[in-house]
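*Asks:* First the structure, then my questions, so here it is.
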Amino acid sequence: MSRLARAAGLVSAATLVSRVLGLLRDAVRAALVGARGLSDALSVAFKIPNLLRDLFAEGAFAGAFVPTLSRVKAEHGDAAAFKLLNRALATLLVYVGLVVVGLVVFAEPVVRLMTAENFEKRAVFPLTVILVRLLAPFLLFICLAVAAQSALNVFGRFFVPALSPALQNLTLVAGGFLLLSLGQERVEAAFPWACLLLAGGALQFFVQVPALWRVGWRPRFEPDLGLRTPEARRIVRRMLPVAGGLAAAHVSILVNTWIATETPGGDSTLYYAFRLVHLPVGLVGVAVGTVVLAQASAKVVRGDEDGVRATLSEGLLLSLALSMPAFAGLLALGPVLAEMLFHWGNLKPDEAAAIGTTIRWFAPAVVFYCSVKVVVPAFYARGDVRGPLKASLVAVAVNLACALSLKDLLSYRALALAVGCGQAANLAVLLALLKRRDGGGGPGLTLRIAKVAAAAAACGAVAWAATHVLPGGSGAVSRIARGLLSVLAGAAAYIAAGWLLRSSDIAALRRLGRRTSA
């Protein structure tokens, strides 16, 4: 088993804990606030700091910071790397802190900008504004957490950063169960839930501090507000094109939010359905992409271009071997999974049915989303931020075109389909740019992918058949058993089909699973 697969397996194991807790978190949230009204207020309010997080942290900053920190560490040693980390943390603290203050002051016009015209007339609008102000500091905590995670990855520490989001989810699950046990009504539950979100964001940063301390980091407040050092200027130069692409993507998200909030419950339905996409994207795309970025950055510093290409190829095949059966499973089991996960408490049967249908519209996005998350780090490792920017702009254009052309036919469900179309375009452009630079993907690649796709088709067919064979029922035990058994049947079919087809990639997953469990 390769070093990349082992590292990705470690990150995936930690991410699995977080994402499973995330599903439980969203089930608790659905039981507390349902999928309309207050749930829409929470979705919109939390979306605003999340969008800014992508801009300041996970998307632009991480892709620029990891290669720069890797180079400083390799050329000047650990002490110089820690000095750069302190400057980055202090600078983020100042500048992102100012953004948080602005978000608190201008929360009301920001919500108006984000939502459809009729949303302002709904009773939840004032509550949404209050929740935006309450959740604004979440942005600061998460930016600091991403900087800490990036540094730990450069120092070869993957497990703790990947596990840190689990603390936020654990906080929300425990607090949510407490609120349910107290019999909180929907309005009463909204504010405590937002406070739990904020506390979880803070934990994501502070839980990584001991790990940083163990590798030698000592905190110093050394902001570089004027970007005086060459490393700071290099980070900003790499960030700007990425931030530009993300800003264009956020225009798409803004339009999507307008469309979603035209229908009461639309934004919440999309939120819950996307949680099922978020699980494989986190387990596969983010986990493999995190390791690809760290390992490819180190190989670029050594001048090992063949190693960079090999890392990318292995990462992409590993991603496809995991994301293709996830796509097939979501397409087959969308309604069953929605009934199992979300039909609790205040969430009504028709709301669960809407979520299940939307999961199916989202399903194709899983393969493309995961692949993009793996391919983009190979560009960042080489210092190429323009390639992903071009691909991102194409993705935004395709996403908007699909959403606007299909919204009258599919309503908010058009947004779920548009995500997959946009990410497919994104991946196509990225692969075309890589082919122009590096040539083809090597012999036998097409056959390997075809074997994985055939096994994934078997997975989906068996999972779908299982839902029709297993007894139905509205009881909790019946819904959970039907969902879990259908998932297990699909997974078994995938492994069996991979064995019959002699797929080396699926066989590698079996070996990785045995080593992880051992």
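Just remember, in the structure tokens the first chain shown is A, the second B, etc., residues are 1-based per chain, and ligands are 1-based in the order shown.
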Each residue of stretch 188-273 of chain A with at least one atom at most 12 Å from stretch 341-347 of chain A should appear once, together with its nearest atom pair and the corresponding distance in Å (one decimal); atoms considered: only C-alpha atoms; ordering: chain, then increasing residue number; output as a tab-separated table.
*Replies:*
```
residue	atom	partner	partner_atom	distance
A:Ala189	CA	A:Asn346	CA	11.7
A:Gly265	CA	A:Leu347	CA	11.1
A:Ser268	CA	A:Leu347	CA	11.1
A:Thr269	CA	A:Phe342	CA	10.6
A:Tyr271	CA	A:Phe342	CA	11.8
A:Tyr272	CA	A:Phe342	CA	8.2
A:Ala273	CA	A:Phe342	CA	9.8
```
*Asks:* Might you pull out every residue within 12 Å of A:Leu103, with only C-alpha atoms counted and same-chain residues fewer than 2 positions away left off, and present them as a ChimeraX atom specification?
*Replies:* /A:45,48-49,52,96-101,105-111,129-140
*Asks:* Name all residues at most 9 Å from A:Leu318 (count only C-alpha atoms; drop same-chain ones fewer than 4 positions away) and give them as a VMD selection string.
*Replies:* chain A and resid 5 284 288 313 to 314 322 to 323 505 to 506 508 to 509
*Asks:* One number please: atom CA of A:Thr467 to atom CA of A:Leu331, in Å, one decimal.
*Replies:*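 Atom-to-atom, atom CA of A:Thr467 and atom CA of A:Leu331 are spaced 12.4 Å apart.
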*Asks:* Which of stretch 174-387 of chain A end up as alpha helix (DSSP H) when DSSP is run on this backbone - answer as a count of residues only?
*Replies:* 169
*Asks:* Give me, as a PyMOL selection string, all polymer residues having an atom no more than 6 Å from stretch 350-354 of chain A, counting only C-alpha atoms and skipping those fewer than 3 positions away in the same chain.
*Replies:* chain A and resi 338-339+343+357
